[in-house]
2 protein chains.
Amino acid sequence: MITWNNLDTLDSYKELSKASRVNLAEVMSGENGAERVKNYSIPMAEGFSYNYAAKAVDDDVLDALVKLAKEAQLAEKFKALYNGEVVNTGEKRLVLHHMTRGQLGDAVNADGVDKRAFYVEQQNRIADFANKVHAGEITNAAGEKFTTVVQIGIGGSDLGPRAMYLALENWAKKNNTFKMEAKFISNVDPDDAAAVLNSIDVAHSIFVLVSKSGTTLETLTNESFVKDALKKAGLDASKHMIAVTSETSPLAKSDDYLAAFFMDDYIGGRFSSTSAVGGAVLSLAFGPEVFAQFLEGAAAEDKLSANEDVLKNPEMLDALIGVYERNVLGYPCTAVLPYSQALNRFPAHLQQLDMESNGKSVNRFGEPVSYPTGPVIFGEPGTNGQHSFYQLLHQGTDIVPLQFVGFKNNQIGTDVVIQDSTSQQKLCANVAAQIVAFACGKSDENRNKNFEGGRPSSIIIGDQVNPGSLGALLAHFENKIMFQGFLWNVNSFDQEGVQLGKVLAKRVLAHETDGALKVFSDLLNI
Amino acid sequence: MITWNNLDTLDSYKELSKASRVNLAEVMSGENGAERVKNYSIPMAEGFSYNYAAKAVDDDVLDALVKLAKEAQLAEKFKALYNGEVVNTGEKRLVLHHMTRGQLGDAVNADGVDKRAFYVEQQNRIADFANKVHAGEITNAAGEKFTTVVQIGIGGSDLGPRAMYLALENWAKKNNTFKMEAKFISNVDPDDAAAVLNSIDVAHSIFVLVSKSGTTLETLTNESFVKDALKKAGLDASKHMIAVTSETSPLAKSDDYLAAFFMDDYIGGRFSSTSAVGGAVLSLAFGPEVFAQFLEGAAAEDKLSANEDVLKNPEMLDALIGVYERNVLGYPCTAVLPYSQALNRFPAHLQQLDMESNGKSVNRFGEPVSYPTGPVIFGEPGTNGQHSFYQLLHQGTDIVPLQFVGFKNNQIGTDVVIQDSTSQQKLCANVAAQIVAFACGKSDENRNKNFEGGRPSSIIIGDQVNPGSLGALLAHFENKIMFQGFLWNVNSFDQEGVQLGKVLAKRVLAHETDGALKVFSDLLNI
């Protein structure tokens, strides 16, 4: 029997709050520190491990977290979710993004169909379509092959697929699975679409219009922008466009598209990278086999997330430590710092995934909560960030918990030896050094050169950014965020906070405003 | 007589802390709100205005801020800075980045030269060089024109110039001043350099190596990476490279470069976009006239920053309001949200500019301060952000102050009318709507759809992103951050917090580690 309770009503949370604080600089020093690094580690899928040695936890805190996981019924709630309960209570919807990449529990029927079969069917239809495009069986009107794919979408239809594309672009080129260049149009700023259109050969481009509802204003506007350009080039737009949408949307059966692939209301935009939303563009860019490997990696990590043993469940423990840092230690932000240029937009995707899911002030029953929920998430790839905002992370007045990601190998394999080490070794040496610098600090009589330490971080260590590992990494963060939503007792799967702005913007465009909004509209020449 | 005092020792700060809190939702409603938007605005250079109507201030708070500015001697301190006092006390250096774009006060002599003349000379040398490249007088060994410029640098040698290049790329193409495509290599991850090199025609590329000291490990490593590639292509690297460095660096007189242009120790990396660091790549990409316009915009805004009247000084007031939000209202983050795709990496540059400058825990005398200093800065362009992290900004448990930037016109000028409005109008309508949505909120019986409001923002409104306005916008933030450093009494011009990581990384590469660092190094296969 599942009960949904606020975090601060749980006995185990009160116990956690009373656990002695860990002196991170102390426990990470000397041989004890070495032992922690060896022991505070959980194997993940695809050769990853989640290492939390440099988090401010010890066996007492971990005991309390294990109890909290049990009392908050994290494992049961995940099980309920993947078995098809209505966990998105606000919108009265199932939450089925895990099912796009596997079947964790029971078959789930909704809308009169087996949902797993539905997602597999969409993936197969996309694979078939992509294969035909690559084989030159589906071409432009002149019978020529498409060379570029352009995704038109915003938010979850943009950030995730874009981050995944950038993460795998060089891997695919190196491994001879690169099929087509992908571009992305998202912003309603007309310069976004115009610049992308100026940079491509529209006659050989295929556009993927992504909107679940078929009503997203930015996306429909950019679609018209693209259609205008196609028309001006003397091309038939309907021969250059496919749609990814829900079966009930106005786009689903329109003749304006070469084909339509489907997602549904049970997949939130920000969780849709493994659905047709990511599937179409990634299958076209890299081939359907690559997209299938990506799904397999995610599915493998999902399985680990279902483990009831907290200390063998990287997502659950990561979530619990994050809540400890946010609610007990009082840290308001978290930085995500992948040491891989391929992951340069991964933090932007996580920013949406996390902040849109858990940036809520009411619990799932609509009652205000009296504790902080989702933190601010930001990040840039290392080593770039080291030369940017790390100053504040090391010596600022606030402590920002850090989530590092590091890889033993790069993707392209070209390297150079300078001062007896390769660039890849330098990259890895830097992330290792940062963890210890943040945790242990270094005292100096000159206070300006003093490092207090005690700044917590975790690291996910992997072999290489490739389709499988990328899927596992994505699933890690998706599931971590889901578990945190369970702990905070919020609905992580709606986003009512984006509505008011939309309503007011429409009013501005209809010139139905007064007061401050009218004056701002005038100042902006609307 | 200037005195450097901690913020919490100032009487006016104590007074500010006691000022009544403003109910933002209330004051921004109705006709009062309209009046605020009209009145709470300061003209800036290049047609901008800084509007703070939606900040939680009223005339009482503003009075207290004016007193704080006076007691903290903000105007005098800026004057001392631009007249050549040693304001970077930790490193015992002058702070002269304003001088790269104009002469605000007295002539400043250092190192036996007039510094203004020195910066003008470097700008002229770069202009001459760029003109010769564009005219085909400086070519590759085969006598062919260069078509691509690649900046090799990290941190301040990368983020600022890259953000400025992206901001002006489409403007330059539209206005026929686009000369060469620019690319950037920064990360020590070898995949960064390899991917850039794979994307260009090296035989027609000129590389700009940027390192003030000539010793930045990432940059020298990437230089070797590039030289290897040039050599493999049968090219003479010294005919493809220029350096931007200090006159005392090992690069300055090396035969490895076609030319060397100079900056000096009085310009911090993050403040170097208007020096040769930005000048070389931007002059090559867009022509020296464009770079000159960029400097003129910055110089014009600098002049406004020197105004002793706080309510006519956009940078000073912005800084004061930010300190009020950080120290009195207790908000730990600030989001920068430009409604312009051209400014898509501007927030990443500001993240360095702000967090590296003011993320400090000791005052300029090396004594710990007992109040929060620099906030976490993050942001993405609108409307993209609206579909990403705005959920948390609207309905999260923490309040995040916002800094919007909006423009009446786009750069490329291609647009489309959908539902009776252009994309540009939709873009502007959205930013206007967001300000009011954040400030006023909207009550709803369904608490999940309730917006509390009271979330403060400012907006900088301009005509268009172009060279002059970009310069003014950059100077606005540089000077705001400088004033905040004065208020917090920290040295905004050093970055000792980046040193420890460098030291430990070297130790890892030399295999001179033990404890936790040794185990992490092993896990990462170093």
# chains A, B, ... in the order shown; residues from 1 in each chain; ligands from 1
>>> residues_around(residues="range 356-369 of chain B", least_positions_apart="2", cutoff="9 Å", atoms="only C-alpha atoms", output="PDB file with N, CA and C atoms, in the first residue's frame")
ATOM      1  N   HIS A 387      38.151  27.293 -15.814  1.00  0.00           N
ATOM      2  CA  HIS A 387      38.657  28.620 -16.147  1.00  0.00           C
ATOM      3  C   HIS A 387      37.527  29.641 -16.150  1.00  0.00           C
ATOM      4  N   SER A 388      36.379  29.262 -15.611  1.00  0.00           N
ATOM      5  CA  SER A 388      35.240  30.167 -15.613  1.00  0.00           C
ATOM      6  C   SER A 388      34.699  30.319 -14.190  1.00  0.00           C
ATOM      7  N   PHE A 389      33.694  29.551 -13.829  1.00  0.00           N
ATOM      8  CA  PHE A 389      32.982  29.779 -12.570  1.00  0.00           C
ATOM      9  C   PHE A 389      33.511  28.965 -11.396  1.00  0.00           C
ATOM     10  N   TYR A 390      34.530  28.116 -11.606  1.00  0.00           N
ATOM     11  CA  TYR A 390      35.030  27.295 -10.500  1.00  0.00           C
ATOM     12  C   TYR A 390      35.585  28.152  -9.352  1.00  0.00           C
ATOM     13  N   GLN A 391      36.031  29.374  -9.665  1.00  0.00           N
ATOM     14  CA  GLN A 391      36.490  30.263  -8.596  1.00  0.00           C
ATOM     15  C   GLN A 391      35.455  30.322  -7.475  1.00  0.00           C
ATOM     16  N   LEU A 392      34.219  30.594  -7.824  1.00  0.00           N
ATOM     17  CA  LEU A 392      33.146  30.666  -6.822  1.00  0.00           C
ATOM     18  C   LEU A 392      32.924  29.310  -6.156  1.00  0.00           C
ATOM     19  N   LEU A 393      32.996  28.242  -6.951  1.00  0.00           N
ATOM     20  CA  LEU A 393      32.768  26.921  -6.366  1.00  0.00           C
ATOM     21  C   LEU A 393      33.821  26.609  -5.303  1.00  0.00           C
ATOM     22  N   HIS A 394      35.065  27.050  -5.527  1.00  0.00           N
ATOM     23  CA  HIS A 394      36.139  26.773  -4.571  1.00  0.00           C
ATOM     24  C   HIS A 394      36.140  27.735  -3.387  1.00  0.00           C
ATOM     25  N   GLN A 395      35.932  29.012  -3.671  1.00  0.00           N
ATOM     26  CA  GLN A 395      36.154  30.010  -2.617  1.00  0.00           C
ATOM     27  C   GLN A 395      34.959  30.920  -2.367  1.00  0.00           C
ATOM     28  N   GLY A 396      33.820  30.680  -3.003  1.00  0.00           N
ATOM     29  CA  GLY A 396      32.653  31.519  -2.764  1.00  0.00           C
ATOM     30  C   GLY A 396      32.078  31.291  -1.374  1.00  0.00           C
ATOM     31  N   THR A 397      31.142  32.151  -0.990  1.00  0.00           N
ATOM     32  CA  THR A 397      30.575  32.048   0.356  1.00  0.00           C
ATOM     33  C   THR A 397      29.527  30.940   0.473  1.00  0.00           C
ATOM     34  N   ASP A 398      28.958  30.511  -0.655  1.00  0.00           N
ATOM     35  CA  ASP A 398      27.971  29.427  -0.623  1.00  0.00           C
ATOM     36  C   ASP A 398      28.619  28.127  -1.089  1.00  0.00           C
ATOM     37  N   ASN A 446      48.085  32.959   3.857  1.00  0.00           N
ATOM     38  CA  ASN A 446      47.436  34.000   3.068  1.00  0.00           C
ATOM     39  C   ASN A 446      46.004  33.543   2.824  1.00  0.00           C
ATOM     40  N   ARG A 447      45.073  34.184   3.509  1.00  0.00           N
ATOM     41  CA  ARG A 447      43.684  33.717   3.458  1.00  0.00           C
ATOM     42  C   ARG A 447      43.118  33.761   2.044  1.00  0.00           C
ATOM     43  N   ASN A 448      43.680  34.608   1.209  1.00  0.00           N
ATOM     44  CA  ASN A 448      43.215  34.704  -0.171  1.00  0.00           C
ATOM     45  C   ASN A 448      43.588  33.455  -0.969  1.00  0.00           C
ATOM     46  N   LYS A 449      44.590  32.736  -0.497  1.00  0.00           N
ATOM     47  CA  LYS A 449      45.012  31.504  -1.169  1.00  0.00           C
ATOM     48  C   LYS A 449      44.577  30.280  -0.366  1.00  0.00           C
TER      49      LYS A 449
ATOM     50  N   TRP B   4      38.336  51.365   2.260  1.00  0.00           N
ATOM     51  CA  TRP B   4      37.746  50.081   1.834  1.00  0.00           C
ATOM     52  C   TRP B   4      37.181  49.398   3.066  1.00  0.00           C
ATOM     53  N   ASN B   5      35.868  49.387   3.158  1.00  0.00           N
ATOM     54  CA  ASN B   5      35.216  48.810   4.333  1.00  0.00           C
ATOM     55  C   ASN B   5      34.303  47.662   3.949  1.00  0.00           C
ATOM     56  N   ASN B   6      34.138  46.729   4.858  1.00  0.00           N
ATOM     57  CA  ASN B   6      33.191  45.638   4.624  1.00  0.00           C
ATOM     58  C   ASN B   6      31.766  46.174   4.584  1.00  0.00           C
ATOM     59  N   LEU B   7      30.966  45.533   3.764  1.00  0.00           N
ATOM     60  CA  LEU B   7      29.573  45.957   3.589  1.00  0.00           C
ATOM     61  C   LEU B   7      28.851  46.086   4.922  1.00  0.00           C
ATOM     62  N   ASP B   8      29.043  45.107   5.807  1.00  0.00           N
ATOM     63  CA  ASP B   8      28.236  45.096   7.031  1.00  0.00           C
ATOM     64  C   ASP B   8      28.720  46.085   8.089  1.00  0.00           C
ATOM     65  N   ASN B  88      43.566  46.092  -8.041  1.00  0.00           N
ATOM     66  CA  ASN B  88      43.782  44.651  -7.890  1.00  0.00           C
ATOM     67  C   ASN B  88      44.902  44.481  -6.877  1.00  0.00           C
ATOM     68  N   THR B  89      44.549  44.637  -5.603  1.00  0.00           N
ATOM     69  CA  THR B  89      45.550  44.712  -4.543  1.00  0.00           C
ATOM     70  C   THR B  89      46.256  43.376  -4.340  1.00  0.00           C
ATOM     71  N   GLY B  90      45.505  42.267  -4.483  1.00  0.00           N
ATOM     72  CA  GLY B  90      46.116  40.948  -4.249  1.00  0.00           C
ATOM     73  C   GLY B  90      47.298  40.722  -5.164  1.00  0.00           C
ATOM     74  N   ARG B 270      38.889  37.605 -18.078  1.00  0.00           N
ATOM     75  CA  ARG B 270      37.426  37.721 -18.243  1.00  0.00           C
ATOM     76  C   ARG B 270      37.009  39.130 -18.642  1.00  0.00           C
ATOM     77  N   GLN B 351      28.542  34.274 -16.741  1.00  0.00           N
ATOM     78  CA  GLN B 351      28.763  33.331 -15.648  1.00  0.00           C
ATOM     79  C   GLN B 351      30.216  33.395 -15.184  1.00  0.00           C
ATOM     80  N   GLN B 352      31.132  33.406 -16.140  1.00  0.00           N
ATOM     81  CA  GLN B 352      32.534  33.577 -15.742  1.00  0.00           C
ATOM     82  C   GLN B 352      32.777  34.955 -15.167  1.00  0.00           C
ATOM     83  N   LEU B 353      32.318  35.972 -15.898  1.00  0.00           N
ATOM     84  CA  LEU B 353      32.603  37.355 -15.520  1.00  0.00           C
ATOM     85  C   LEU B 353      32.208  37.601 -14.068  1.00  0.00           C
ATOM     86  N   ASP B 354      31.027  37.158 -13.717  1.00  0.00           N
ATOM     87  CA  ASP B 354      30.468  37.440 -12.398  1.00  0.00           C
ATOM     88  C   ASP B 354      31.022  36.492 -11.339  1.00  0.00           C
ATOM     89  N   TYR B 371      29.353  37.800   5.240  1.00  0.00           N
ATOM     90  CA  TYR B 371      28.108  37.931   4.474  1.00  0.00           C
ATOM     91  C   TYR B 371      28.301  37.271   3.110  1.00  0.00           C
ATOM     92  N   PRO B 372      27.194  36.920   2.463  1.00  0.00           N
ATOM     93  CA  PRO B 372      27.324  36.308   1.140  1.00  0.00           C
ATOM     94  C   PRO B 372      27.882  37.297   0.119  1.00  0.00           C
ATOM     95  N   THR B 373      28.698  36.806  -0.788  1.00  0.00           N
ATOM     96  CA  THR B 373      29.206  37.637  -1.899  1.00  0.00           C
ATOM     97  C   THR B 373      28.563  37.138  -3.202  1.00  0.00           C
ATOM     98  N   GLY B 374      29.316  37.071  -4.280  1.00  0.00           N
ATOM     99  CA  GLY B 374      28.782  36.764  -5.616  1.00  0.00           C
ATOM    100  C   GLY B 374      27.806  35.586  -5.655  1.00  0.00           C
ATOM    101  N   PRO B 375      26.692  35.764  -6.365  1.00  0.00           N
ATOM    102  CA  PRO B 375      25.706  34.689  -6.517  1.00  0.00           C
ATOM    103  C   PRO B 375      26.086  33.720  -7.631  1.00  0.00           C
ATOM    104  N   VAL B 376      25.387  32.603  -7.688  1.00  0.00           N
ATOM    105  CA  VAL B 376      25.465  31.714  -8.858  1.00  0.00           C
ATOM    106  C   VAL B 376      24.714  32.386 -10.006  1.00  0.00           C
ATOM    107  N   ILE B 481      29.384  44.348 -12.164  1.00  0.00           N
ATOM    108  CA  ILE B 481      30.141  43.387 -11.364  1.00  0.00           C
ATOM    109  C   ILE B 481      31.251  44.086 -10.589  1.00  0.00           C
ATOM    110  N   MET B 482      31.901  45.041 -11.226  1.00  0.00           N
ATOM    111  CA  MET B 482      32.938  45.834 -10.539  1.00  0.00           C
ATOM    112  C   MET B 482      32.347  46.558  -9.323  1.00  0.00           C
ATOM    113  N   GLN B 484      29.694  45.800  -7.647  1.00  0.00           N
ATOM    114  CA  GLN B 484      29.335  44.835  -6.605  1.00  0.00           C
ATOM    115  C   GLN B 484      30.568  44.394  -5.827  1.00  0.00           C
ATOM    116  N   GLY B 485      31.674  44.231  -6.526  1.00  0.00           N
ATOM    117  CA  GLY B 485      32.922  43.911  -5.841  1.00  0.00           C
ATOM    118  C   GLY B 485      33.306  44.995  -4.842  1.00  0.00           C
ATOM    119  N   TRP B 488      30.962  44.584  -1.813  1.00  0.00           N
ATOM    120  CA  TRP B 488      31.314  43.442  -0.958  1.00  0.00           C
ATOM    121  C   TRP B 488      32.737  43.572  -0.413  1.00  0.00           C
ATOM    122  N   ASN B 489      33.446  44.573  -0.905  1.00  0.00           N
ATOM    123  CA  ASN B 489      34.826  44.826  -0.481  1.00  0.00           C
ATOM    124  C   ASN B 489      35.767  43.678  -0.814  1.00  0.00           C
ATOM    125  N   VAL B 490      35.467  42.983  -1.924  1.00  0.00           N
ATOM    126  CA  VAL B 490      36.362  41.914  -2.373  1.00  0.00           C
ATOM    127  C   VAL B 490      37.198  42.421  -3.551  1.00  0.00           C
ATOM    128  N   ASN B 491      38.266  41.725  -3.828  1.00  0.00           N
ATOM    129  CA  ASN B 491      39.055  42.009  -5.027  1.00  0.00           C
ATOM    130  C   ASN B 491      38.444  41.223  -6.182  1.00  0.00           C
ATOM    131  N   SER B 492      37.792  41.937  -7.082  1.00  0.00           N
ATOM    132  CA  SER B 492      37.110  41.265  -8.202  1.00  0.00           C
ATOM    133  C   SER B 492      38.063  40.897  -9.333  1.00  0.00           C
ATOM    134  N   PHE B 493      39.339  41.146  -9.162  1.00  0.00           N
ATOM    135  CA  PHE B 493      40.254  41.049 -10.300  1.00  0.00           C
ATOM    136  C   PHE B 493      41.327  39.971 -10.169  1.00  0.00           C
ATOM    137  N   ASP B 494      41.238  39.159  -9.127  1.00  0.00           N
ATOM    138  CA  ASP B 494      42.128  38.003  -9.070  1.00  0.00           C
ATOM    139  C   ASP B 494      41.277  36.733  -9.095  1.00  0.00           C
ATOM    140  N   GLN B 495      41.916  35.570  -9.052  1.00  0.00           N
ATOM    141  CA  GLN B 495      41.198  34.289  -9.095  1.00  0.00           C
ATOM    142  C   GLN B 495      42.068  33.208  -8.478  1.00  0.00           C
ATOM    143  N   GLY B 497      41.241  31.060  -6.478  1.00  0.00           N
ATOM    144  CA  GLY B 497      40.489  29.818  -6.303  1.00  0.00           C
ATOM    145  C   GLY B 497      40.706  28.789  -7.400  1.00  0.00           C
TER     146      GLY B 497
END
>>> closest_residue(among="A:Ser275, A:Ser205, A:Asn466, A:Ser421", to="chain B", atoms="only C-alpha atoms")
A:Ser421
>>> residues_around(residues="range 232-243 of chain A", least_positions_apart="2", cutoff="6 Å", atoms="only C-alpha atoms", output="PyMOL selection string")
chain A and resi 206-210+227+229-230+256-260
>>> closest_residue(among="B:Val37, B:Glu308, B:Thr245, B:Met263", to="Val66 in chain B", atoms="only C-alpha atoms")
B:Glu308
>>> closest_residue(among="B:Met1, B:Val244, B:Ala194, B:Ala203", to="Asn222 in chain B", atoms="only C-alpha atoms")
B:Ala194
>>> select_by_dssp(residues="range 30-157 of chain B", states="helix (DSSP H, G or I)", output="PyMOL selection string")
chain B and resi 30-39+45-47+59-71+74-82+97-101+115-135+155-157
>>> residues_around(residues="Leu504 in chain B", least_positions_apart="6", cutoff="9 Å", atoms="only C-alpha atoms", output="PDB file with C-alpha atoms, in the first residue's frame")
ATOM      1  CA  ALA A 429      43.862  14.297 -14.121  1.00  0.00           C
ATOM      2  CA  ASN A 430      41.942  17.533 -13.825  1.00  0.00           C
ATOM      3  CA  ALA A 432      40.420  13.754 -10.218  1.00  0.00           C
ATOM      4  CA  ALA A 433      42.294  16.776  -8.893  1.00  0.00           C
ATOM      5  CA  GLN A 434      39.146  18.872  -8.643  1.00  0.00           C
ATOM      6  CA  VAL A 436      40.073  16.235  -3.992  1.00  0.00           C
ATOM      7  CA  ALA A 437      40.642  20.008  -4.106  1.00  0.00           C
TER       8      ALA A 437
ATOM      9  CA  THR B 513      49.809  11.225  -5.415  1.00  0.00           C
ATOM     10  CA  LEU B 517      43.693  11.215  -5.257  1.00  0.00           C
TER      11      LEU B 517
END
>>> residues_around(residues="Gly30 in chain A", least_positions_apart="3", cutoff="7 Å", atoms="only C-alpha atoms", output="list in words")
Gly33 and Ala34 of chain A; Gly515 of chain B
>>> closest_residue(among="B:Leu295, B:Val188, B:Val277, B:Val290", to="chain A", atoms="only C-alpha atoms")
B:Val188
>>> residues_around(residues="Arg101 in chain A", least_positions_apart="3", cutoff="7 Å", atoms="only C-alpha atoms", output="list in words")
His98, Thr274, Leu295, Glu296, Ala298 and Ala299 of chain A
>>> write_last_selection(atoms="N, CA and C atoms", output="compact mmCIF listing (two decimals), in the first residue's frame")
# COMPACT_ATOMS: atom_id res chain seq x y z
N HIS A 98 9.84 5.12 -19.37
CA HIS A 98 10.72 3.95 -19.28
C HIS A 98 10.34 2.88 -20.29
N THR A 274 14.01 9.30 -25.40
CA THR A 274 14.03 7.90 -25.82
C THR A 274 12.76 7.50 -26.58
N LEU A 295 18.82 3.17 -26.50
CA LEU A 295 17.69 2.68 -25.69
C LEU A 295 18.12 1.52 -24.79
N GLU A 296 18.97 0.65 -25.33
CA GLU A 296 19.43 -0.48 -24.51
C GLU A 296 20.21 -0.02 -23.29
N ALA A 298 19.83 2.83 -21.76
CA ALA A 298 18.87 3.42 -20.81
C ALA A 298 18.10 2.32 -20.08
N ALA A 299 17.70 1.29 -20.82
CA ALA A 299 16.94 0.19 -20.21
C ALA A 299 17.77 -0.53 -19.15
>>> atom_distance(atom1="CA of Pro332 in chain A", atom2="CA of Met355 in chain B")
15.8 Å
>>> atom_distance(atom1="CA of Gly279 in chain B", atom2="CA of Val336 in chain B")
25.0 Å
>>> atom_distance(atom1="CA of Leu523 in chain B", atom2="CA of Lys408 in chain A")
8.4 Å
>>> residues_around(residues="Phe129 in chain A", least_positions_apart="6", cutoff="9 Å", atoms="only C-alpha atoms", output="PyMOL selection string")
chain A and resi 138+259+280+284
>>> closest_residue(among="B:Lys480, B:Lys426, B:Lys67, B:Arg455", to="chain A", atoms="only C-alpha atoms")
B:Lys426
>>> select_by_dssp(residues="range 217-269 of chain A", states="strand (DSSP E)", output="PyMOL selection string")
chain A and resi 241-246+259-263
>>> closest_residue(among="B:Lys212, B:Lys18, B:Lys312, B:Lys173", to="chain A", atoms="only C-alpha atoms")
B:Lys173
